[in-house]
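Chemist: Got a structure for you, questions after.
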Amino acid sequence: MVSELKDVASAHPRYFEKFDPDHAQKFFCSENVADSIGAYFQRAHIPIRIIHRSCFYLETVSTSLLLSVFLIGTICQPVENLSPLTIQYADIIEWSVFEDPQFLRLMYMKQEENPSQIAGDKLEFVQAALLVIIVQSASPSTEVRRRIRVVRVPALLAVARALSLTKVQSRWNDNYALLDHRIFIEDETRIRTMCLVFVMDCRFVMFYNNPPYLNPLELQFDLPAGDEGIDIADDKSWEPWALDQRSHGRPPSMNELMQALMCNQWTGPGDPQFGNLSIFNMLLLMLGFHSIIFGIRNSFCDMSNARIQVDRSLTRWKDLWNRCLERSSADQIRRAGFMVQAAQDLWHYAGLLLRTPASKTGPIANDTITNVHRVLKEP
């Protein structure tokens, strides 16, 4: 890993003139790497789950993904160990991922026809970029946060589109398909990776008033299956769970569910298409409304009817949310963790934004979240 970072430092001396190979050799020693990877899968991995532990091999994983997992893992380490040094290496790891010639080629490649055939090494670049963005978007440096918002997120979206991740679907969930645990893991990894790409886009829309890069109509990806399914390690234990999931019917895609919530012919929260939505699924749907609300609030056109339609949809979402919590087990709620409170808070915030003039949320594309606090404090 250190040799790759030395190459980055040599290629960009303006940014990394103080890079110390000897210190890096100590920091990226095998013991620290093992501890940080373990910390990632024990802590950071749980709410994200874009990398399946059974598919992560040190011998074959790309350097970009290994560096990114290491970066997140160091943050999860005790303060007295590695985490204070993370900021020192975060920038150079960011450069090594986003300026990698293979990543740049993916940005400009012809769009893949079939997202189910995405090569694993290509997907690893998306996963690596996502993990770097998670770390760097929380940087204390305004310059770094701006670079992530203005340069890195659009680059990530370009690669996701080129790989057709916006259209990725589950193959295992069709009744005519053979149950295959390996295919399930592959599909879920792609779907969850795309979901996190979507989450990152919405995060900048909500908190930084950044125009969405993803259009609601292109959100053709399937929603992820329940966490309990992806946590099952062996085939025999997985098959009964998979058969039970199939009995509920194939769930609609992200944009199909959004349209169902917004249509005039509302079928009610008891409609079977809403019957198996998880807490994570409901959070993703709520995030989708924030991109739509951004368009409504920043339009020259009279959007009165659109506001009424979205407000009605938020009420429908809340009804679905209450049902979702009622049917969720204590273990499922525990697994969801912060998502439970986040979904409820974002529903409340969406309603506030819908009633708040655009002039009160500051300029388009902020570098701070002070305007979010201002909206939340409005009487």
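Residues are named by chain letter and number: chains run A, B, ... in the order of the structure tokens, numbers start at 1 in each chain, and ligands are numbered from 1 in the order shown.
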Counting only C-alpha atoms, which residues of stretch 8-88 of chain A sit at most 12 Å from some atom of stretch 100-116 of chain A, and what is each one's closest atom pair with its distance in Å to one decimal, listed by chain and rising residue number, as a Markdown table?
Modeler:
```
| residue | atom | partner | partner_atom | distance |
| --- | --- | --- | --- | --- |
| A:Val8 | CA | A:Asp100 | CA | 9.0 |
| A:Ala11 | CA | A:Asp100 | CA | 11.3 |
| A:Ser62 | CA | A:Gln102 | CA | 11.0 |
| A:Thr63 | CA | A:Asp100 | CA | 10.2 |
| A:Ser64 | CA | A:Asp100 | CA | 8.4 |
| A:Leu65 | CA | A:Asp100 | CA | 11.7 |
```
Chemist: May I have the selected residues written with N, CA and C atoms, as an mmCIF file, in the first residue's frame?
Modeler:
```
data_model
loop_
_atom_site.group_PDB
_atom_site.id
_atom_site.type_symbol
_atom_site.label_atom_id
_atom_site.label_comp_id
_atom_site.auth_asym_id
_atom_site.auth_seq_id
_atom_site.Cartn_x
_atom_site.Cartn_y
_atom_site.Cartn_z
ATOM 1 N N VAL A 8 1.521 8.406 -5.527
ATOM 2 C CA VAL A 8 0.583 9.535 -5.494
ATOM 3 C C VAL A 8 1.304 10.794 -5.031
ATOM 4 N N ALA A 11 3.415 12.156 -7.769
ATOM 5 C CA ALA A 11 2.638 12.730 -8.871
ATOM 6 C C ALA A 11 1.997 14.059 -8.491
ATOM 7 N N SER A 62 -8.634 -5.024 -4.175
ATOM 8 C CA SER A 62 -7.889 -3.928 -4.795
ATOM 9 C C SER A 62 -7.251 -3.047 -3.723
ATOM 10 N N THR A 63 -6.152 -2.416 -4.080
ATOM 11 C CA THR A 63 -5.475 -1.516 -3.139
ATOM 12 C C THR A 63 -6.389 -0.367 -2.739
ATOM 13 N N SER A 64 -7.182 0.133 -3.686
ATOM 14 C CA SER A 64 -8.086 1.251 -3.389
ATOM 15 C C SER A 64 -9.069 0.892 -2.286
ATOM 16 N N LEU A 65 -9.690 -0.283 -2.404
ATOM 17 C CA LEU A 65 -10.673 -0.679 -1.392
ATOM 18 C C LEU A 65 -9.982 -1.008 -0.072
#
```
Chemist: Using only C-alpha atoms, determine which residues lie at most 12 Å from A:Ile296, disregarding the query and same-chain residues fewer than 3 positions distant; provide the list as a list in words.
Modeler: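 The neighbour list is Pro211, Phe289, His290, Ser291, Ile292, Ile293, Ser299, Phe300, Cys301, Asp302, Met303, Ser304, Asn305, Ala306, Arg307, Ile308, Gln309, Val310, Asp311, Ala350, Leu353, Leu354, Arg355, Thr356, Pro357 and Ala358 of chain A.
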Chemist: Closest to A:Val205 among A:Gln25, A:Thr361, A:Gln344, A:Thr60, using only C-alpha atoms?
Modeler: A:Thr361
Chemist: Mind checking which residues fall within 12 Å of A:Arg250, counting only C-alpha atoms, ignoring those fewer than 6 positions away in the same chain, and posting them as a VMD selection string?
Modeler: chain A and resid 169 to 176 222 to 225 242 to 244 272 to 277
Chemist: Residues of the last selection are to be written out with N, CA and C atoms, as an mmCIF file, in the first residue's frame.
Modeler:
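So the final result, stored in selection_13.cif, reads:
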```
data_model
loop_
_atom_site.group_PDB
_atom_site.id
_atom_site.type_symbol
_atom_site.label_atom_id
_atom_site.label_comp_id
_atom_site.auth_asym_id
_atom_site.auth_seq_id
_atom_site.Cartn_x
_atom_site.Cartn_y
_atom_site.Cartn_z
ATOM 1 N N GLN A 169 -30.772 -4.805 -10.135
ATOM 2 C CA GLN A 169 -31.912 -5.521 -9.563
ATOM 3 C C GLN A 169 -31.460 -6.854 -8.982
ATOM 4 N N SER A 170 -32.298 -7.400 -8.127
ATOM 5 C CA SER A 170 -32.006 -8.710 -7.539
ATOM 6 C C SER A 170 -32.477 -9.807 -8.483
ATOM 7 N N ARG A 171 -31.616 -10.776 -8.737
ATOM 8 C CA ARG A 171 -31.979 -11.902 -9.603
ATOM 9 C C ARG A 171 -32.540 -13.069 -8.801
ATOM 10 N N TRP A 172 -32.155 -13.176 -7.545
ATOM 11 C CA TRP A 172 -32.531 -14.328 -6.729
ATOM 12 C C TRP A 172 -33.998 -14.302 -6.318
ATOM 13 N N ASN A 173 -34.639 -13.134 -6.411
ATOM 14 C CA ASN A 173 -35.976 -12.946 -5.848
ATOM 15 C C ASN A 173 -37.092 -13.347 -6.804
ATOM 16 N N ASP A 174 -36.761 -13.778 -8.023
ATOM 17 C CA ASP A 174 -37.779 -14.202 -8.984
ATOM 18 C C ASP A 174 -38.117 -15.672 -8.760
ATOM 19 N N ASN A 175 -39.407 -15.975 -8.763
ATOM 20 C CA ASN A 175 -39.843 -17.341 -8.464
ATOM 21 C C ASN A 175 -39.305 -18.373 -9.446
ATOM 22 N N TYR A 176 -39.053 -17.954 -10.686
ATOM 23 C CA TYR A 176 -38.577 -18.906 -11.694
ATOM 24 C C TYR A 176 -37.074 -19.159 -11.585
ATOM 25 N N ASP A 222 -33.379 -1.854 -7.268
ATOM 26 C CA ASP A 222 -34.175 -2.528 -6.245
ATOM 27 C C ASP A 222 -33.725 -2.089 -4.860
ATOM 28 N N LEU A 223 -34.643 -2.172 -3.919
ATOM 29 C CA LEU A 223 -34.297 -1.888 -2.527
ATOM 30 C C LEU A 223 -33.637 -3.120 -1.905
ATOM 31 N N PRO A 224 -32.779 -2.917 -0.921
ATOM 32 C CA PRO A 224 -32.064 -4.058 -0.328
ATOM 33 C C PRO A 224 -32.978 -4.973 0.474
ATOM 34 N N ALA A 225 -32.576 -6.230 0.549
ATOM 35 C CA ALA A 225 -33.294 -7.197 1.371
ATOM 36 C C ALA A 225 -32.969 -6.949 2.838
ATOM 37 N N ALA A 242 -34.850 -17.199 2.357
ATOM 38 C CA ALA A 242 -35.073 -16.740 0.986
ATOM 39 C C ALA A 242 -36.450 -17.159 0.478
ATOM 40 N N LEU A 243 -36.867 -18.373 0.800
ATOM 41 C CA LEU A 243 -38.194 -18.837 0.377
ATOM 42 C C LEU A 243 -39.294 -18.003 1.020
ATOM 43 N N ASP A 244 -39.103 -17.650 2.285
ATOM 44 C CA ASP A 244 -40.082 -16.790 2.960
ATOM 45 C C ASP A 244 -40.153 -15.420 2.293
ATOM 46 N N PRO A 272 -50.171 -4.918 -0.595
ATOM 47 C CA PRO A 272 -49.088 -5.908 -0.466
ATOM 48 C C PRO A 272 -47.714 -5.407 -0.912
ATOM 49 N N GLN A 273 -47.672 -4.459 -1.863
ATOM 50 C CA GLN A 273 -46.362 -3.986 -2.332
ATOM 51 C C GLN A 273 -45.585 -3.255 -1.235
ATOM 52 N N PHE A 274 -46.297 -2.803 -0.194
ATOM 53 C CA PHE A 274 -45.633 -2.135 0.922
ATOM 54 C C PHE A 274 -45.419 -3.065 2.118
ATOM 55 N N GLY A 275 -45.840 -4.315 1.975
ATOM 56 C CA GLY A 275 -45.916 -5.198 3.137
ATOM 57 C C GLY A 275 -44.600 -5.687 3.699
ATOM 58 N N ASN A 276 -43.537 -5.628 2.908
ATOM 59 C CA ASN A 276 -42.276 -6.197 3.385
ATOM 60 C C ASN A 276 -41.147 -5.171 3.416
ATOM 61 N N LEU A 277 -41.500 -3.887 3.493
ATOM 62 C CA LEU A 277 -40.476 -2.840 3.508
ATOM 63 C C LEU A 277 -39.773 -2.808 4.865
#
```
Chemist: Here is a test: counting only C-alpha atoms, which residue of A:Ala162, A:Val153, A:Asp91, A:Trp238 is nearest to A:Asp180?
Modeler: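 Comparing A:Ala162, A:Val153, A:Asp91, A:Trp238 against A:Asp180, the winner is A:Trp238.
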Chemist: Return the single residue from A:Phe19, A:Tyr213, A:Phe280, A:Phe184 that is closest to A:Asp227, with distances computed using only C-alpha atoms.
Modeler: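 Ranking A:Phe19, A:Tyr213, A:Phe280, A:Phe184 by distance to A:Asp227, first place goes to A:Phe280.
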Chemist: Just asking: which residues within stretch 17-255 of chain A are alpha helix (DSSP H) according to DSSP, as a ChimeraX atom specification?
Modeler: /A:21-27,30-39,45-48,63-75,83-98,101-108,120-136,142-147,153-162,181-208,227-230,235-246,254-255
Chemist: How would the residues just picked look written out with C-alpha atoms as a short mmCIF file (atom, residue, chain, number, x, y, z; two decimals), in the first residue's frame?
Modeler:
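Wrote selection.cif, looks like this:
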```
data_model
loop_
_atom_site.label_atom_id
_atom_site.label_comp_id
_atom_site.auth_asym_id
_atom_site.auth_seq_id
_atom_site.Cartn_x
_atom_site.Cartn_y
_atom_site.Cartn_z
CA PRO A 21 7.48 7.04 3.50
CA ASP A 22 9.18 5.78 6.67
CA HIS A 23 6.33 6.98 8.88
CA ALA A 24 3.80 5.56 6.43
CA GLN A 25 5.57 2.20 6.52
CA LYS A 26 5.07 2.09 10.29
CA PHE A 27 1.49 3.36 10.14
CA SER A 30 0.46 -5.50 8.99
CA GLU A 31 -0.69 -5.32 12.62
CA ASN A 32 -2.41 -1.94 12.16
CA VAL A 33 -3.99 -3.09 8.89
CA ALA A 34 -5.40 -6.24 10.51
CA ASP A 35 -6.72 -4.30 13.53
CA SER A 36 -8.34 -1.62 11.37
CA ILE A 37 -9.99 -4.09 9.01
CA GLY A 38 -11.33 -5.97 12.02
CA ALA A 39 -12.64 -2.71 13.47
CA HIS A 45 -19.71 -2.26 8.50
CA ILE A 46 -22.86 -2.97 10.48
CA PRO A 47 -25.03 -0.03 9.32
CA ILE A 48 -23.48 0.12 5.82
CA THR A 63 -5.48 -1.52 -3.14
CA SER A 64 -8.09 1.25 -3.39
CA LEU A 65 -10.67 -0.68 -1.39
CA LEU A 66 -8.10 -1.95 1.09
CA LEU A 67 -6.92 1.61 1.78
CA SER A 68 -10.50 2.86 2.16
CA VAL A 69 -11.52 0.08 4.54
CA PHE A 70 -8.33 0.73 6.52
CA LEU A 71 -9.18 4.44 6.64
CA ILE A 72 -12.66 3.85 8.10
CA GLY A 73 -11.29 1.19 10.43
CA THR A 74 -8.77 3.58 11.95
CA ILE A 75 -11.61 5.91 12.94
CA SER A 83 -7.58 7.64 14.79
CA PRO A 84 -5.62 10.92 15.36
CA LEU A 85 -3.40 9.96 12.41
CA THR A 86 -6.34 9.32 10.09
CA ILE A 87 -6.65 12.94 8.99
CA GLN A 88 -2.96 12.94 8.09
CA TYR A 89 -3.46 10.17 5.52
CA ALA A 90 -7.07 10.77 4.47
CA ASP A 91 -6.18 13.22 1.69
CA ILE A 92 -3.56 11.03 0.06
CA ILE A 93 -5.86 7.99 0.23
CA GLU A 94 -8.59 10.09 -1.40
CA TRP A 95 -6.19 10.99 -4.21
CA SER A 96 -5.06 7.39 -4.64
CA VAL A 97 -8.68 6.27 -5.13
CA PHE A 98 -10.12 9.05 -7.29
CA PRO A 101 -6.15 5.51 -13.85
CA GLN A 102 -8.64 2.62 -13.63
CA PHE A 103 -11.17 4.79 -11.79
CA LEU A 104 -10.73 7.57 -14.35
CA ARG A 105 -11.31 5.09 -17.18
CA LEU A 106 -14.56 3.99 -15.55
CA MET A 107 -15.74 7.62 -15.50
CA TYR A 108 -15.54 7.85 -19.29
CA GLY A 120 -15.99 -7.25 -8.94
CA ASP A 121 -12.92 -5.07 -9.40
CA LYS A 122 -15.05 -2.31 -10.96
CA LEU A 123 -17.52 -2.41 -8.08
CA GLU A 124 -14.63 -2.19 -5.62
CA PHE A 125 -13.72 1.24 -7.01
CA VAL A 126 -17.25 2.47 -6.28
CA GLN A 127 -17.10 1.03 -2.77
CA ALA A 128 -13.68 2.56 -2.15
CA ALA A 129 -14.85 5.98 -3.37
CA LEU A 130 -17.92 5.79 -1.12
CA LEU A 131 -15.89 5.05 2.00
CA VAL A 132 -13.49 7.89 1.25
CA ILE A 133 -16.39 10.31 0.75
CA ILE A 134 -17.89 9.26 4.10
CA VAL A 135 -14.65 10.16 5.87
CA GLN A 136 -13.73 13.28 3.92
CA THR A 142 -13.77 23.57 4.32
CA GLU A 143 -11.53 23.06 1.29
CA VAL A 144 -11.71 19.28 1.64
CA ARG A 145 -15.48 19.24 2.11
CA ARG A 146 -15.91 21.49 -0.93
CA ARG A 147 -13.65 19.27 -3.03
CA VAL A 153 -19.30 13.12 -5.66
CA PRO A 154 -19.95 13.93 -9.36
CA ALA A 155 -17.08 11.60 -10.27
CA LEU A 156 -18.62 8.83 -8.17
CA LEU A 157 -22.01 9.36 -9.81
CA ALA A 158 -20.43 9.23 -13.27
CA VAL A 159 -18.94 5.81 -12.48
CA ALA A 160 -22.19 4.53 -10.94
CA ARG A 161 -24.07 5.53 -14.10
CA ALA A 162 -21.42 4.04 -16.37
CA HIS A 181 -26.78 -17.90 -2.09
CA ARG A 182 -23.78 -16.67 -4.08
CA ILE A 183 -26.00 -14.75 -6.52
CA PHE A 184 -27.90 -13.27 -3.57
CA ILE A 185 -24.67 -11.95 -2.03
CA GLU A 186 -23.54 -10.51 -5.37
CA ASP A 187 -26.90 -8.81 -5.98
CA GLU A 188 -27.19 -7.43 -2.46
CA THR A 189 -23.67 -6.05 -2.58
CA ARG A 190 -24.42 -4.17 -5.82
CA ILE A 191 -27.82 -2.95 -4.60
CA ARG A 192 -26.50 -1.77 -1.23
CA THR A 193 -23.58 -0.05 -2.91
CA MET A 194 -25.99 1.86 -5.16
CA CYS A 195 -28.19 2.68 -2.17
CA LEU A 196 -25.23 4.26 -0.40
CA VAL A 197 -24.37 6.25 -3.54
CA PHE A 198 -27.95 7.54 -3.40
CA VAL A 199 -27.66 8.30 0.32
CA MET A 200 -24.52 10.37 -0.29
CA ASP A 201 -26.24 12.39 -3.02
CA CYS A 202 -29.24 13.05 -0.77
CA ARG A 203 -26.99 13.98 2.14
CA PHE A 204 -25.54 16.90 0.21
CA VAL A 205 -29.02 17.92 -0.96
CA MET A 206 -30.44 17.99 2.56
CA PHE A 207 -27.59 19.48 4.54
CA TYR A 208 -25.70 21.62 2.01
CA ASP A 227 -30.14 -7.43 7.06
CA GLU A 228 -30.88 -10.81 8.60
CA GLY A 229 -30.63 -12.34 5.11
CA ILE A 230 -27.22 -10.94 4.30
CA ASP A 235 -26.52 -21.94 2.26
CA LYS A 236 -28.78 -24.29 4.22
CA SER A 237 -29.74 -21.65 6.79
CA TRP A 238 -30.24 -19.04 4.06
CA GLU A 239 -32.68 -21.01 1.86
CA PRO A 240 -35.66 -21.02 4.31
CA TRP A 241 -35.25 -17.27 4.76
CA ALA A 242 -35.07 -16.74 0.99
CA LEU A 243 -38.19 -18.84 0.38
CA ASP A 244 -40.08 -16.79 2.96
CA GLN A 245 -38.99 -13.57 1.22
CA ARG A 246 -40.17 -14.90 -2.13
CA MET A 254 -37.13 2.51 -5.70
CA ASN A 255 -38.79 4.84 -8.21
#
```
Chemist: Calculate how many Å separate atom CA of A:Gln332 from atom CA of A:Leu320, rounding to one decimal.
Modeler: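 Going from atom CA of A:Gln332 over to atom CA of A:Leu320, I get 16.4 Å.
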Chemist: Residues within 12 Å of A:Leu257, please, as a VMD selection string. Count only C-alpha atoms; anything in the same chain fewer than 2 positions from it doesn't count.
Modeler: chain A and resid 216 to 217 219 to 223 251 to 255 259 to 263 266 to 267 269 271 to 275 277 281 to 282 284 to 286 288 to 289 313 316 to 317 320
Chemist: Could you check how far atom CA of A:Ser328 sits from atom CA of A:Leu287, in Å to one decimal?
Modeler: 20.4 Å
Chemist: Quick one: of A:Ile364, A:Leu179, A:Met1, A:Val61, who's nearest to A:Gly295, counting only C-alpha atoms?
Modeler: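 Of the candidates, the smallest distance to A:Gly295 is held by A:Ile364.
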